[in-house]
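S.K.: Here you go, this is data-v2.cif (mmCIF, C-alpha atoms and all ligand atoms).
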data_run
loop_
_atom_site.label_atom_id
_atom_site.label_comp_id
_atom_site.auth_asym_id
_atom_site.auth_seq_id
_atom_site.Cartn_x
_atom_site.Cartn_y
_atom_site.Cartn_z
CA MET A 1220 15.88 -20.81 -12.11
CA THR A 1221 13.69 -17.90 -13.11
CA ARG A 1222 10.47 -17.85 -11.16
CA LEU A 1223 7.45 -15.85 -12.26
CA ALA A 1224 3.95 -15.29 -10.88
CA LEU A 1225 0.93 -14.94 -13.17
CA ILE A 1226 -2.28 -13.38 -11.87
CA ALA A 1227 -5.39 -12.01 -13.55
CA HIS A 1228 -8.75 -10.79 -12.38
CA ASP A 1229 -11.73 -12.50 -14.00
CA GLU A 1230 -12.27 -9.96 -16.79
CA LYS A 1231 -8.58 -10.18 -17.66
CA LYS A 1232 -8.11 -13.94 -17.57
CA PRO A 1233 -8.71 -14.36 -21.33
CA GLU A 1234 -5.98 -11.77 -22.02
CA LEU A 1235 -3.55 -13.57 -19.71
CA ILE A 1236 -4.31 -16.92 -21.35
CA GLU A 1237 -3.66 -15.40 -24.76
CA PHE A 1238 -0.42 -13.90 -23.45
CA ALA A 1239 0.70 -17.24 -21.99
CA GLN A 1240 -0.10 -19.04 -25.25
CA ALA A 1241 1.83 -16.45 -27.25
CA HIS A 1242 4.88 -16.81 -24.97
CA ARG A 1243 4.50 -20.52 -24.26
CA SER A 1244 7.98 -21.62 -25.28
CA GLN A 1245 9.63 -19.01 -23.06
CA LEU A 1246 7.34 -19.66 -20.09
CA LEU A 1247 8.03 -23.41 -20.32
CA GLU A 1248 11.59 -22.62 -19.21
CA TYR A 1249 10.50 -21.01 -15.96
CA ASP A 1250 9.08 -21.94 -12.58
CA LEU A 1251 5.56 -20.53 -12.62
CA ILE A 1252 3.17 -19.80 -9.79
CA ALA A 1253 -0.31 -18.26 -9.92
CA THR A 1254 -3.31 -17.47 -7.82
CA GLY A 1255 -5.82 -20.32 -7.68
CA THR A 1256 -8.32 -19.69 -10.43
CA THR A 1257 -5.82 -18.04 -12.73
CA GLY A 1258 -3.54 -21.08 -12.44
CA LYS A 1259 -6.39 -23.48 -13.06
CA ARG A 1260 -7.55 -21.62 -16.16
CA LEU A 1261 -3.99 -21.35 -17.51
CA MET A 1262 -3.34 -25.05 -17.05
CA GLU A 1263 -6.60 -25.93 -18.77
CA ALA A 1264 -5.69 -23.74 -21.74
CA THR A 1265 -1.96 -24.53 -22.03
CA ASP A 1266 0.50 -27.29 -21.16
CA LEU A 1267 2.32 -25.07 -18.65
CA GLU A 1268 2.94 -26.48 -15.17
CA ILE A 1269 1.89 -23.94 -12.57
CA ASP A 1270 2.09 -24.06 -8.79
CA ARG A 1271 -1.27 -22.75 -7.62
CA MET A 1272 -1.72 -20.64 -4.50
CA GLU A 1273 -5.08 -19.84 -2.91
CA SER A 1274 -7.55 -17.87 -4.97
CA GLY A 1275 -6.95 -14.11 -4.77
CA PRO A 1276 -9.94 -13.25 -2.55
CA LEU A 1277 -8.90 -16.08 -0.18
CA GLY A 1278 -5.32 -14.87 0.30
CA GLY A 1279 -3.54 -15.81 -2.92
CA ASP A 1280 -2.19 -12.31 -3.52
CA LEU A 1281 -0.74 -12.32 -0.01
CA MET A 1282 0.88 -15.74 -0.55
CA ILE A 1283 2.57 -14.38 -3.66
CA GLY A 1284 3.51 -11.21 -1.77
CA ALA A 1285 5.20 -13.37 0.85
CA GLN A 1286 7.34 -14.94 -1.86
CA VAL A 1287 8.31 -11.47 -3.05
CA ALA A 1288 9.33 -10.60 0.52
CA GLU A 1289 11.43 -13.77 0.64
CA GLY A 1290 13.18 -12.78 -2.60
CA ARG A 1291 11.86 -15.87 -4.37
CA LEU A 1292 10.25 -14.22 -7.40
CA ASP A 1293 11.92 -12.63 -10.43
CA GLY A 1294 8.78 -11.00 -11.76
CA ILE A 1295 5.01 -10.80 -11.64
CA VAL A 1296 2.46 -10.36 -14.40
CA PHE A 1297 -0.69 -9.14 -12.73
CA LEU A 1298 -3.49 -8.19 -15.11
CA ARG A 1299 -5.81 -6.27 -12.82
CA ASP A 1300 -9.34 -5.31 -13.76
CA PRO A 1301 -9.23 -1.52 -13.44
CA LEU A 1302 -13.00 -1.20 -13.86
CA THR A 1303 -14.35 -3.53 -11.19
CA ALA A 1304 -14.05 -3.13 -7.42
CA GLN A 1305 -12.47 -6.17 -5.74
CA PRO A 1306 -13.43 -7.32 -2.23
CA HIS A 1307 -9.77 -8.00 -1.43
CA GLU A 1308 -8.44 -4.61 -2.57
CA PRO A 1309 -6.21 -4.33 0.56
CA ASP A 1310 -4.47 -7.59 -0.41
CA ILE A 1311 -3.93 -6.33 -3.95
CA SER A 1312 -2.43 -3.08 -2.65
CA ALA A 1313 -0.18 -5.07 -0.33
CA LEU A 1314 1.15 -7.11 -3.23
CA LEU A 1315 1.86 -4.03 -5.34
CA ARG A 1316 3.54 -2.36 -2.38
CA ILE A 1317 5.80 -5.27 -1.52
CA CYS A 1318 6.96 -5.42 -5.16
CA ASP A 1319 8.08 -1.80 -4.82
CA VAL A 1320 9.72 -2.48 -1.46
CA HIS A 1321 11.81 -5.26 -2.99
CA ASP A 1322 12.23 -3.74 -6.46
CA THR A 1323 10.57 -6.77 -8.03
CA ALA A 1324 9.46 -6.44 -11.67
CA LEU A 1325 5.70 -6.07 -11.90
CA ALA A 1326 3.68 -5.73 -15.10
CA THR A 1327 0.01 -4.84 -14.87
CA ASN A 1328 -0.90 -4.85 -18.55
CA VAL A 1329 -0.02 -6.96 -21.56
CA GLU A 1330 2.26 -4.39 -23.15
CA SER A 1331 4.42 -4.10 -20.04
CA ALA A 1332 4.26 -7.86 -19.50
CA THR A 1333 5.83 -8.29 -22.93
CA TYR A 1334 8.71 -6.02 -21.89
CA LEU A 1335 9.02 -7.89 -18.60
CA LEU A 1336 9.46 -11.20 -20.42
CA GLU A 1337 12.00 -9.66 -22.78
CA GLY A 1338 13.94 -8.35 -19.78
CA VAL A 1339 13.81 -11.71 -18.05
CA ALA A 1340 15.01 -13.42 -21.25
CA ASP A 1341 17.94 -10.95 -21.51
CA SER A 1342 18.98 -11.54 -17.91
CA ASP A 1343 18.91 -15.31 -18.60
CA ASP A 1344 21.70 -14.93 -21.20
O1 LIG B 1401 -8.14 -12.09 -7.37
C1 LIG B 1401 -7.08 -12.31 -7.91
C2 LIG B 1401 -5.95 -11.38 -7.79
O2 LIG B 1401 -6.23 -10.28 -6.97
C3 LIG B 1401 -6.89 -13.52 -8.74
O3 LIG B 1401 -7.40 -14.65 -8.07
P1 LIG B 1401 -7.85 -15.91 -8.91
O4 LIG B 1401 -6.73 -16.27 -9.80
O5 LIG B 1401 -8.10 -16.98 -7.90
O6 LIG B 1401 -9.09 -15.51 -9.67
#
Can you give me the file's structure in the form of structure tokens?

M.R.:
Amino acid sequence: MTRLALIAHDEKKPELIEFAQAHRSQLLEYDLIATGTTGKRLMEATDLEIDRMESGPLGGDLMIGAQVAEGRLDGIVFLRDPLTAQPHEPDISALLRICDVHDTALATNVESATYLLEGVADSDD
């Protein structure tokens, strides 16, 4: 089954919620995981079931990176806040890097996330 991770920094959480609502019927078909607060906010705003990891600053990005390393994820939507410094920047870099190591689809803005979902839908057929 297709397995996706959804992550957003605080300033970007509203955008991710809007994205998830717009693509609800497709996302309902998939196994979803998220960092802690992102997952909580998404589940409050939608009826999606999401397996929540730790919050990003507490290791959630690394937990998702570990799943990438294990080949367990088909794609990640990670809406980063490009304008605010994050205390766990090394963890964020590690996640981006491991996606490149394993050639795992990674979208860091809504436009590319839309393409990612279209690609995932095509590979489902
Ligand atoms: O910080 C994050 C990703 O780097 C996201 O973590 P939260 O979903 O817990 O806010």

S.K.: At a cut-off of 7 Å, using all atoms listed in the file, what residues contact stretch 1268-1278 of chain A? Leave out same-chain residues fewer than 5 positions from it and give the result as a PDB file with C-alpha atoms, keeping the file's coordinate frame.

M.R.:
ATOM      1  CA  LEU A1251       5.560 -20.530 -12.620  1.00  0.00           C
ATOM      2  CA  ILE A1252       3.170 -19.800  -9.790  1.00  0.00           C
ATOM      3  CA  ALA A1253      -0.310 -18.260  -9.920  1.00  0.00           C
ATOM      4  CA  THR A1254      -3.310 -17.470  -7.820  1.00  0.00           C
ATOM      5  CA  GLY A1255      -5.820 -20.320  -7.680  1.00  0.00           C
ATOM      6  CA  THR A1256      -8.320 -19.690 -10.430  1.00  0.00           C
ATOM      7  CA  GLY A1258      -3.540 -21.080 -12.440  1.00  0.00           C
ATOM      8  CA  MET A1262      -3.340 -25.050 -17.050  1.00  0.00           C
ATOM      9  CA  PRO A1306     -13.430  -7.320  -2.230  1.00  0.00           C
ATOM     10  CA  HIS A1307      -9.770  -8.000  -1.430  1.00  0.00           C
TER      11      HIS A1307
END

S.K.: Specify the axis-aligned box that encloses all atoms of ligand LIG 1401 (chain B) listed in the file after padding of 8 Å on each side, stating its centre and edge lengths in Å to one decimal as AutoDock Vina command-line options.

M.R.:
--center_x -7.5 --center_y -13.6 --center_z -8.4 --size_x 19.1 --size_y 22.7 --size_z 18.8

S.K.: What is the distance, in Å and to one decimal place, between atom CA of A:Arg1316 and atom O1 of ligand LIG 1401 (chain B)?

M.R.: 16.0 Å

S.K.: Find, counting all atoms listed in the file, the residue in A:Val1287, A:Leu1246, A:Ile1311, A:Leu1325 that gets nearest to A:Thr1221.

M.R.: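 Using all atoms listed in the file, the shortest distance to A:Thr1221 belongs to A:Leu1246.
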
S.K.: Suppose you want the space between atom CA of A:Ala1285 and atom CA of A:Met1220; what is it in Å?

M.R.: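 Atom-to-atom, atom CA of A:Ala1285 and atom CA of A:Met1220 are spaced 18.4 Å apart.
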
S.K.: Which distance in Å separates atom CA of A:Ala1224 and atom C1 of ligand LIG 1401 (chain B), to one decimal?

M.R.: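 Value for the atom CA of A:Ala1224-atom C1 of ligand LIG 1401 (chain B) distance: 11.8 Å.
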
S.K.: May I have the protein, DNA and RNA residues with any atom at most 12 Å from the point (1.6, -9.2, -2.6), counting only C-alpha atoms, written as an mmCIF file with C-alpha atoms, in the coordinates of the input?

M.R.:
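The resulting file, result.cif, is shown below:
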data_model
loop_
_atom_site.group_PDB
_atom_site.id
_atom_site.type_symbol
_atom_site.label_atom_id
_atom_site.label_comp_id
_atom_site.auth_asym_id
_atom_site.auth_seq_id
_atom_site.Cartn_x
_atom_site.Cartn_y
_atom_site.Cartn_z
ATOM 1 C CA ALA A 1224 3.950 -15.290 -10.880
ATOM 2 C CA ILE A 1226 -2.280 -13.380 -11.870
ATOM 3 C CA ALA A 1253 -0.310 -18.260 -9.920
ATOM 4 C CA THR A 1254 -3.310 -17.470 -7.820
ATOM 5 C CA GLY A 1275 -6.950 -14.110 -4.770
ATOM 6 C CA GLY A 1278 -5.320 -14.870 0.300
ATOM 7 C CA GLY A 1279 -3.540 -15.810 -2.920
ATOM 8 C CA ASP A 1280 -2.190 -12.310 -3.520
ATOM 9 C CA LEU A 1281 -0.740 -12.320 -0.010
ATOM 10 C CA MET A 1282 0.880 -15.740 -0.550
ATOM 11 C CA ILE A 1283 2.570 -14.380 -3.660
ATOM 12 C CA GLY A 1284 3.510 -11.210 -1.770
ATOM 13 C CA ALA A 1285 5.200 -13.370 0.850
ATOM 14 C CA GLN A 1286 7.340 -14.940 -1.860
ATOM 15 C CA VAL A 1287 8.310 -11.470 -3.050
ATOM 16 C CA ALA A 1288 9.330 -10.600 0.520
ATOM 17 C CA GLU A 1289 11.430 -13.770 0.640
ATOM 18 C CA LEU A 1292 10.250 -14.220 -7.400
ATOM 19 C CA GLY A 1294 8.780 -11.000 -11.760
ATOM 20 C CA ILE A 1295 5.010 -10.800 -11.640
ATOM 21 C CA VAL A 1296 2.460 -10.360 -14.400
ATOM 22 C CA PHE A 1297 -0.690 -9.140 -12.730
ATOM 23 C CA HIS A 1307 -9.770 -8.000 -1.430
ATOM 24 C CA GLU A 1308 -8.440 -4.610 -2.570
ATOM 25 C CA PRO A 1309 -6.210 -4.330 0.560
ATOM 26 C CA ASP A 1310 -4.470 -7.590 -0.410
ATOM 27 C CA ILE A 1311 -3.930 -6.330 -3.950
ATOM 28 C CA SER A 1312 -2.430 -3.080 -2.650
ATOM 29 C CA ALA A 1313 -0.180 -5.070 -0.330
ATOM 30 C CA LEU A 1314 1.150 -7.110 -3.230
ATOM 31 C CA LEU A 1315 1.860 -4.030 -5.340
ATOM 32 C CA ARG A 1316 3.540 -2.360 -2.380
ATOM 33 C CA ILE A 1317 5.800 -5.270 -1.520
ATOM 34 C CA CYS A 1318 6.960 -5.420 -5.160
ATOM 35 C CA ASP A 1319 8.080 -1.800 -4.820
ATOM 36 C CA VAL A 1320 9.720 -2.480 -1.460
ATOM 37 C CA HIS A 1321 11.810 -5.260 -2.990
ATOM 38 C CA THR A 1323 10.570 -6.770 -8.030
ATOM 39 C CA LEU A 1325 5.700 -6.070 -11.900
#

S.K.: Nearest to ligand LIG 1401 (chain B): which of A:Leu1298, A:Ala1324, A:Ala1239, A:Leu1267 is it, counting all atoms listed in the file?

M.R.: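 Using all atoms listed in the file, the shortest distance to ligand LIG 1401 (chain B) belongs to A:Leu1298.
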
S.K.: Which protein, DNA or RNA residues have an atom at most 12 Å from (11.8, -11.8, -21.4), counting only C-alpha atoms? List them as a ChimeraX atom specification.

M.R.: /A:1221-1223,1242-1246,1248-1249,1293-1296,1324,1326,1331-1344
